[in-house]
Each structure stands twice: as structure tokens, then as C-alpha cells.
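Enquirer: Here you go, data-v6.csv (CSV, C-alpha atoms):
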```
chain,number,residue,atom,x,y,z
G,1,MET,CA,-13.3,-7.8,28.3
G,2,ALA,CA,-11.6,-9.8,31.1
G,3,MET,CA,-7.9,-9.3,30.5
G,4,THR,CA,-7.3,-8.6,34.2
G,5,SER,CA,-4.2,-10.9,34.2
G,6,GLN,CA,-2.5,-8.7,31.7
G,7,VAL,CA,-3.7,-5.3,32.9
G,8,LEU,CA,-0.8,-3.3,34.2
G,9,GLU,CA,-3.0,-0.7,35.9
G,10,PHE,CA,-6.6,0.5,36.0
G,11,VAL,CA,-7.4,4.2,36.4
G,12,GLU,CA,-10.7,5.7,37.2
G,13,LEU,CA,-11.7,9.1,38.6
G,14,SER,CA,-14.2,9.8,41.3
G,15,GLU,CA,-17.0,12.2,40.5
G,16,SER,CA,-15.2,15.1,42.4
G,17,GLU,CA,-12.0,14.3,40.6
G,18,ARG,CA,-13.8,14.4,37.2
G,19,GLN,CA,-15.3,17.8,38.1
G,20,GLN,CA,-11.8,19.1,38.9
G,21,MET,CA,-10.5,17.7,35.6
G,22,ASN,CA,-13.3,19.3,33.7
G,23,ALA,CA,-12.1,22.7,34.9
G,24,LEU,CA,-8.8,22.1,33.0
G,25,PRO,CA,-8.7,23.1,29.3
G,26,SER,CA,-8.3,20.2,26.8
G,27,LEU,CA,-4.8,19.6,25.5
G,28,GLY,CA,-4.2,20.7,21.9
G,29,GLU,CA,-1.5,19.6,19.5
G,30,ALA,CA,0.6,22.7,20.1
G,31,ASP,CA,0.3,22.5,23.9
G,32,ARG,CA,3.3,21.6,26.0
G,33,LEU,CA,3.1,19.6,29.1
G,34,ILE,CA,5.6,20.1,31.9
G,35,ALA,CA,5.9,17.4,34.6
G,36,ARG,CA,7.0,18.8,37.9
G,37,LEU,CA,8.5,16.2,40.2
G,38,SER,CA,8.4,17.2,43.9
G,39,GLY,CA,10.6,15.6,46.5
G,40,GLU,CA,14.2,15.7,47.5
G,41,GLY,CA,15.3,17.4,44.3
G,42,ASP,CA,12.4,19.3,42.6
G,43,GLN,CA,12.6,18.9,38.8
G,44,ALA,CA,10.6,20.0,35.9
G,45,VAL,CA,10.6,18.1,32.6
G,46,ALA,CA,9.0,19.0,29.3
G,47,LEU,CA,7.2,15.9,28.0
G,48,PRO,CA,7.5,14.8,24.3
G,49,PRO,CA,4.6,15.5,22.0
G,50,GLN,CA,3.5,11.9,21.8
G,51,ILE,CA,3.2,11.8,25.6
G,52,VAL,CA,1.2,15.0,25.6
G,53,ALA,CA,-1.2,13.4,23.0
G,54,LEU,CA,-1.5,10.3,25.1
G,55,VAL,CA,-2.2,12.3,28.3
G,56,GLY,CA,-4.8,14.4,26.4
G,57,SER,CA,-6.5,11.2,25.2
G,58,LEU,CA,-6.5,9.7,28.7
G,59,LEU,CA,-7.9,12.9,30.2
G,60,ALA,CA,-10.7,13.1,27.7
G,61,ARG,CA,-11.7,9.5,28.4
G,62,LEU,CA,-11.4,9.9,32.2
G,63,ARG,CA,-13.5,13.1,32.0
G,64,GLN,CA,-16.3,11.1,30.4
G,65,GLY,CA,-16.2,8.6,33.3
G,66,GLU,CA,-14.5,5.8,31.4
G,67,ARG,CA,-12.3,3.4,33.2
G,68,ILE,CA,-8.8,3.1,31.6
G,69,ALA,CA,-6.7,0.0,31.4
G,70,ILE,CA,-3.0,0.3,30.7
G,71,LEU,CA,-1.6,-2.6,28.7
G,72,SER,CA,1.7,-3.3,27.1
G,73,ASP,CA,1.5,-4.4,23.4
G,74,GLU,CA,3.9,-7.2,24.2
G,75,GLU,CA,1.4,-8.8,26.6
G,76,GLU,CA,0.2,-12.2,25.5
G,77,ILE,CA,-3.6,-12.9,25.4
G,78,SER,CA,-5.7,-16.0,24.9
G,79,PRO,CA,-7.7,-16.7,21.7
G,80,GLN,CA,-10.9,-15.8,23.7
G,81,GLU,CA,-9.5,-12.4,24.6
G,82,ALA,CA,-8.3,-11.9,21.0
G,83,SER,CA,-11.8,-12.9,19.8
G,84,THR,CA,-13.3,-10.0,21.8
G,85,ILE,CA,-10.8,-7.5,20.4
G,86,LEU,CA,-11.3,-8.8,16.8
G,87,GLY,CA,-15.0,-9.3,16.9
G,88,LEU,CA,-14.6,-12.8,15.7
G,89,SER,CA,-15.5,-16.1,17.3
G,90,ARG,CA,-12.8,-18.0,19.2
G,91,LEU,CA,-12.8,-20.7,16.6
G,92,LEU,CA,-12.1,-18.1,13.8
G,93,VAL,CA,-9.3,-16.7,15.8
G,94,VAL,CA,-7.8,-20.2,16.2
G,95,HIS,CA,-8.3,-20.7,12.5
G,96,ARG,CA,-6.4,-17.4,11.8
G,97,MET,CA,-3.6,-18.7,14.1
G,98,ASN,CA,-3.5,-22.1,12.2
G,99,ILE,CA,-3.3,-20.4,8.7
G,100,GLY,CA,-0.6,-18.0,9.9
G,101,ASP,CA,-2.6,-14.8,9.9
G,102,LEU,CA,-2.1,-14.4,13.7
G,103,PRO,CA,1.3,-15.4,15.1
G,104,PHE,CA,1.1,-17.3,18.4
G,105,ARG,CA,3.0,-19.6,20.7
G,106,TYR,CA,2.0,-22.4,23.0
G,107,VAL,CA,2.3,-21.9,26.8
G,108,GLY,CA,1.8,-25.5,27.9
G,109,SER,CA,-1.2,-26.6,25.8
G,110,HIS,CA,-2.7,-23.0,25.6
G,111,ARG,CA,-2.2,-20.7,22.6
G,112,ARG,CA,-1.1,-17.1,23.3
G,113,ALA,CA,-0.8,-14.2,20.9
G,114,ARG,CA,0.9,-10.9,21.5
G,115,LEU,CA,-1.5,-8.0,21.8
G,116,LYS,CA,0.3,-6.0,19.1
G,117,ASP,CA,-0.1,-8.9,16.7
G,118,VAL,CA,-3.8,-9.0,17.5
G,119,LEU,CA,-4.1,-5.2,16.9
G,120,THR,CA,-2.2,-5.5,13.6
G,121,LEU,CA,-4.6,-8.2,12.4
G,122,LYS,CA,-7.5,-6.0,13.6
G,123,ALA,CA,-6.2,-3.1,11.6
G,124,LYS,CA,-6.0,-5.3,8.5
G,125,LEU,CA,-9.5,-6.7,9.0
G,126,ASP,CA,-10.9,-3.1,9.6
G,127,ALA,CA,-9.2,-1.9,6.4
G,128,THR,CA,-10.7,-4.8,4.4
G,129,GLN,CA,-14.1,-4.2,5.9
G,130,ALA,CA,-13.9,-0.5,4.9
G,131,VAL,CA,-13.1,-1.4,1.3
G,132,LEU,CA,-16.0,-3.8,1.2
G,133,ASP,CA,-18.3,-1.2,2.7
G,134,ASP,CA,-17.2,1.3,0.0
G,135,LEU,CA,-17.8,-1.3,-2.7
G,136,ALA,CA,-21.3,-2.0,-1.3
G,137,ASP,CA,-22.1,1.7,-1.3
G,138,GLU,CA,-20.8,2.1,-4.9
G,139,THR,CA,-22.9,-0.9,-6.0
G,140,GLU,CA,-26.0,0.5,-4.4
G,141,SER,CA,-25.3,3.9,-6.0
G,142,LEU,CA,-25.0,2.3,-9.4
G,143,MET,CA,-28.2,0.3,-9.0
G,144,ARG,CA,-30.1,3.4,-7.7
G,145,ASP,CA,-28.7,5.9,-10.2
G,146,HIS,CA,-28.2,3.8,-13.3
G,147,GLY,CA,-30.6,0.9,-12.9
G,148,VAL,CA,-27.7,-1.6,-13.1
```
What does this structure look like when you write it as C-alpha cells?
Expert:
Amino acid sequence: MAMTSQVLEFVELSESERQQMNALPSLGEADRLIARLSGEGDQAVALPPQIVALVGSLLARLRQGERIAILSDEEEISPQEASTILGLSRLLVVHRMNIGDLPFRYVGSHRRARLKDVLTLKAKLDATQAVLDDLADETESLMRDHGV
């Protein structure tokens, strides 16, 4: 996905850094994370649970060698970038914009949607697909077990 204009920061670990990170235990829900800031006035701050969960998720992905991109959900993306996230063609994304399923604004003559709106639509589409998959499984089960 080529959202480089919206990426706030890329993070990737070298092989030696990954090995060092693998020596650390994985963070659990009950774990606390203390950030120690060194400098003129050393400070230690306990991070909130949601930050601990985020750091744990980031560490797990970085340990696997994944490259992490940090984005703000307020960032605006193009229909092409939205199509990659949604798994739809660009034309279907534009259609979703036209019918009001995906809020957008024009920047000059170009459409832009907020990342959080794209992710909200993706969650709705994923939920709909899950219901359809369950219905298909149930139909197959009825046909197989009851000859319907």
C-alpha cells in the first residue's frame, strides 16, 4: 500500500535488534509498562493500559520482522488507497462515496476520505461478509444433513 504521503513514521528493526527484542517477555494484559525518561530531569511514568496493549502489539509485529507504519485516523486518503484497504475496486469506492456510504471531501478535483471513515466502512463490510458466510455455512449444512 503506497500511503507514504500520510505515513507519520515507519519503524523496522534490524536482525540484531529483533534478537534483542526476542529476549524480552511478551507483554500481558496485567503487565505494567514504566517509561523512564533520561536527561536533565530523570522521570519515570507508568503508561496507561491501552498504551501497554499498543506497545505489546507493536513489539509482537516488529519481532516477526514486520515494518510498522504509524498513521493518524484523521489522515485523508485517496479512493485508490481506500480501495486497497477495503478490498474493493476504486470505482466501487467512488460509488460508495457517491451514495453516502463513505464520507469524503474534494481537495481541488480529487476526492479524499478520512482513514477512520474508511476503517468504519471496512468494519461494516466485514460484519456483513461474516453474516453472509454464516448463512452460506448454514445453507450447506441444511443441504448436507437434511437434503433440503
Enquirer: Which residue gives the smallest distance to Ala82 in chain G among G:Met143, G:Leu54, G:Ala35, G:Leu119, with all atoms listed in the file counted?
Expert: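 Comparing G:Met143, G:Leu54, G:Ala35, G:Leu119 against Ala82 in chain G, the winner is G:Leu119.
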Enquirer: Between CA of Leu88 in chain G and CA of Asp126 in chain G, what distance in Å does the model show, to one decimal?
Expert: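 Between these atoms lies a distance of 12.0 Å.
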Enquirer: My list of candidates is G:Leu13, G:Ala30, G:Leu115, G:Leu47. Which is closest to Arg67 in chain G when distances are computed with all atoms listed in the file?
Expert: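 Using all atoms listed in the file, the shortest distance to Arg67 in chain G belongs to G:Leu13.
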Enquirer: For a quick check of understanding, using only C-alpha atoms, which of G:Leu58, G:Leu33, G:Leu71, G:Ala136 has the smallest distance to Val45 in chain G?
Expert: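 Selected residue with least distance to Val45 in chain G: G:Leu33.
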Enquirer: Separation of CA of Pro49 in chain G and CA of Glu74 in chain G, in Å?
Expert: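 A separation of 22.8 Å between them.
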Enquirer: Would you compute the distance between CA of Gly87 in chain G and CA of Ala69 in chain G? Give it in Å to one decimal.
Expert: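 According to the coordinates, CA of Gly87 in chain G and CA of Ala69 in chain G are separated by 19.1 Å.
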Enquirer: Write a file for range 81-111 of chain G, containing C-alpha atoms (output as a PDB file, in the first residue's frame).
Expert:
```
ATOM      1  CA  GLU G  81      -5.724   3.929  -1.215  1.00  0.00           C
ATOM      2  CA  ALA G  82      -9.199   3.313   0.254  1.00  0.00           C
ATOM      3  CA  SER G  83      -9.782   0.589  -2.344  1.00  0.00           C
ATOM      4  CA  THR G  84      -6.666  -1.236  -1.122  1.00  0.00           C
ATOM      5  CA  ILE G  85      -7.856  -1.125   2.488  1.00  0.00           C
ATOM      6  CA  LEU G  86     -11.440  -2.109   1.625  1.00  0.00           C
ATOM      7  CA  GLY G  87     -10.574  -4.781  -0.915  1.00  0.00           C
ATOM      8  CA  LEU G  88     -12.836  -3.097  -3.472  1.00  0.00           C
ATOM      9  CA  SER G  89     -12.124  -1.572  -6.849  1.00  0.00           C
ATOM     10  CA  ARG G  90     -11.547   2.173  -6.979  1.00  0.00           C
ATOM     11  CA  LEU G  91     -14.795   2.516  -8.943  1.00  0.00           C
ATOM     12  CA  LEU G  92     -16.761   0.794  -6.165  1.00  0.00           C
ATOM     13  CA  VAL G  93     -15.143   3.085  -3.599  1.00  0.00           C
ATOM     14  CA  VAL G  94     -16.199   6.120  -5.660  1.00  0.00           C
ATOM     15  CA  HIS G  95     -19.700   4.619  -5.884  1.00  0.00           C
ATOM     16  CA  ARG G  96     -19.761   4.213  -2.069  1.00  0.00           C
ATOM     17  CA  MET G  97     -18.747   7.863  -1.815  1.00  0.00           C
ATOM     18  CA  ASN G  98     -21.478   8.944  -4.248  1.00  0.00           C
ATOM     19  CA  ILE G  99     -24.247   7.086  -2.390  1.00  0.00           C
ATOM     20  CA  GLY G 100     -23.123   8.397   1.001  1.00  0.00           C
ATOM     21  CA  ASP G 101     -21.638   5.200   2.460  1.00  0.00           C
ATOM     22  CA  LEU G 102     -18.195   6.795   2.650  1.00  0.00           C
ATOM     23  CA  PRO G 103     -17.944  10.479   3.593  1.00  0.00           C
ATOM     24  CA  PHE G 104     -15.422  12.443   1.550  1.00  0.00           C
ATOM     25  CA  ARG G 105     -14.426  15.921   0.527  1.00  0.00           C
ATOM     26  CA  TYR G 106     -12.869  17.388  -2.554  1.00  0.00           C
ATOM     27  CA  VAL G 107      -9.323  18.724  -2.500  1.00  0.00           C
ATOM     28  CA  GLY G 108      -9.300  20.544  -5.814  1.00  0.00           C
ATOM     29  CA  SER G 109     -10.800  17.962  -8.138  1.00  0.00           C
ATOM     30  CA  HIS G 110      -9.608  14.983  -6.064  1.00  0.00           C
ATOM     31  CA  ARG G 111     -11.717  13.076  -3.549  1.00  0.00           C
TER      32      ARG G 111
END
```
